[in-house]
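A.B. asks: Quick one: structure below, then a few questions.
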Amino acid sequence: MNKRNFQRELDKIIAGLENGKKVPALLLHSCCAPCSSYVLEYLSEYFEITVFYYNPNIYPEEEYRKRVEEQQRLISSMPFKHPVRFEEGQFDTARFYDAVRGMEKEQEGGKRCFACYRLRLEEAAKRAAQINADYFASTLTISPLKNAEVINEIGEELAKEYGVQWLPSDFKKKNGFKRSGELSAEYGLYRQNYCGCVFSQRTNV
């Protein structure tokens, strides 16, 4: 079985959008400002975007607040063809710990992370449905350390459940990860040295 090319699938969707007059609304779950930088530069050409910052996994709270501020600063600093808005989800860390209970000792990048993806993407899908967005997506696929296949699989499952189209992605393609580094340097973004949760902090991933 051939491995899916999510970037090619995204290219086809965008090609179809360019033939229409309506600019579709996208709810974009963002994990952090550096990861969102390239994604926003890329997708704001074709979508009106609501950046949904929902990351109850981040530890400690001071780190969470710093990342929120950097996300807002980036959005206010970057030029966009179409509007980009910011919305912060609830910082309810208990939901994260409930979601990963029993998986605390799992290897980074494994089942615990997959449960975390689902938690955050489900909240994004719910919010996308509430605001009548045409699509929802996540910046998570830009990281070489994240499993894009699993993220897309979860997104597609939730799309069916909540009635909002999932925008397939593998944002690290087309030198997306490299470009995010360039934009982070250009805007002087704070780049954390661990994914976000207390477990990844211990391993600096």
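Letters for chains follow the order of the structure tokens (A, B, ...), residue numbers begin at 1 for each chain, and ligand numbers begin at 1 in the order shown.
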Considering only C-alpha atoms, give me a table of residues in segment 56-120 of chain A that are at most 12 Å from segment 155-173 of chain A, with the closest atom pair and distance in Å for each, as a Markdown table.

C.D. replies:
| residue | atom | partner | partner_atom | distance |
| --- | --- | --- | --- | --- |
| A:Phe114 | CA | A:Gly155 | CA | 11.6 |
| A:Tyr117 | CA | A:Gly155 | CA | 9.2 |
| A:Arg118 | CA | A:Gly155 | CA | 8.0 |
| A:Leu119 | CA | A:Leu158 | CA | 10.6 |
| A:Arg120 | CA | A:Gly155 | CA | 10.3 |

A.B. asks: Counting only C-alpha atoms, which residues in segment 122-173 of chain A sit no more than 12 Å from segment 90-97 of chain A? For each one, give the nearest pair of atoms and the distance in Å, sorted by chain then residue number, as a Markdown table.

C.D. replies:
| residue | atom | partner | partner_atom | distance |
| --- | --- | --- | --- | --- |
| A:Glu123 | CA | A:Gln90 | CA | 9.7 |
| A:Ala124 | CA | A:Gln90 | CA | 11.4 |
| A:Arg127 | CA | A:Gln90 | CA | 11.6 |

A.B. asks: Can you write out the residues you just picked, keeping C-alpha atoms, as a PDB file, in the first residue's frame?

C.D. replies:
ATOM      1  CA  GLU A 123     -11.416  20.596  20.961  1.00  0.00           C
ATOM      2  CA  ALA A 124     -10.415  22.243  17.671  1.00  0.00           C
ATOM      3  CA  ARG A 127     -14.773  24.900  18.054  1.00  0.00           C
TER       4      ARG A 127
END

A.B. asks: For Ala33 of chain A, work out the shell of residues within 8 Å, counting only C-alpha atoms and skipping chain neighbours fewer than 4 positions away, then give it as number ranges by chain.

C.D. replies: A: 37, 67, 70-71, 74, 189

A.B. asks: In Å, how far is it from atom CA of Gly89 of chain A to atom CA of Ser184 of chain A?

C.D. replies: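 Interatomic distance, atom CA of Gly89 of chain A to atom CA of Ser184 of chain A: 23.3 Å.
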
A.B. asks: Per DSSP on the backbone, filter chain A down to the residues in helix (DSSP H, G or I) and report them as JSON, numbers by chain.

C.D. replies: {"A": [6, 7, 8, 9, 10, 11, 12, 13, 14, 15, 16, 17, 33, 34, 35, 36, 37, 38, 39, 40, 41, 42, 43, 61, 62, 63, 64, 65, 66, 67, 68, 69, 70, 71, 72, 73, 74, 75, 76, 77, 93, 94, 95, 96, 97, 98, 99, 111, 112, 113, 114, 115, 116, 117, 118, 119, 120, 121, 122, 123, 124, 125, 126, 127, 128, 129, 130, 139, 140, 141, 142, 148, 149, 150, 151, 152, 153, 154, 155, 156, 157, 158, 159, 160, 161, 162, 176, 177, 178, 179, 180, 181, 182, 183, 184, 185, 186, 198, 199, 200, 201, 202, 203]}

A.B. asks: I need the residues of segment 90-199 of chain A that end up classed as strand (DSSP E) by DSSP on the backbone, written out as a ChimeraX atom specification.

C.D. replies: /A:135-138,165-166

A.B. asks: Would you mind exporting the chosen residues as a JSON list (two decimals), in the first residue's frame, restricted to C-alpha atoms?

C.D. replies:
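Saved to result_28.json:
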[["chain", "number", "residue", "atom", "x", "y", "z"],
["A", 135, "TYR", "CA", -12.12, 23.49, 7.55],
["A", 136, "PHE", "CA", -9.98, 22.77, 10.58],
["A", 137, "ALA", "CA", -6.29, 21.84, 10.67],
["A", 138, "SER", "CA", -3.28, 21.78, 12.99],
["A", 165, "GLN", "CA", -13.85, 19.23, 6.85],
["A", 166, "TRP", "CA", -10.33, 18.30, 7.89]]

A.B. asks: Restricting the calculation to only C-alpha atoms: of A:Glu41, A:Glu9, A:Glu88, A:Glu48, which residue gets closest to Leu183 of chain A?

C.D. replies: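 With only C-alpha atoms as the atom set, the closest residue is A:Glu41.
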
A.B. asks: Skip Tyr53 of chain A itself and residues of its chain fewer than 4 positions away, then list as JSON, numbers by chain all residues within 8 Å of it, counting only C-alpha atoms.

C.D. replies: {"A": [29, 30, 31, 32, 68, 86, 87, 88, 89]}

A.B. asks: Figure out the distance between atom CA of Thr141 of chain A and atom CA of Gln107 of chain A, please, to one decimal in Å.

C.D. replies: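 Here the two named atoms are 18.9 Å from each other.
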
A.B. asks: My list of candidates is A:Gly196, A:Asn147, A:Gln130, A:Gly188. Which is closest to Lys111 of chain A when distances are computed with only C-alpha atoms?

C.D. replies: A:Asn147

A.B. asks: With only C-alpha atoms as the atoms that count, which of A:Tyr42, A:Arg4, A:Ile142, A:Cys197 lies nearest to Ile58 of chain A?

C.D. replies: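 Nearest to Ile58 of chain A: A:Cys197.
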
A.B. asks: Nearest to Ala99 of chain A among A:Gln72, A:Pro56, A:Lys81, A:Tyr64, with distances taken over only C-alpha atoms: which residue is it?

C.D. replies: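 The closest residue to Ala99 of chain A is A:Pro56.
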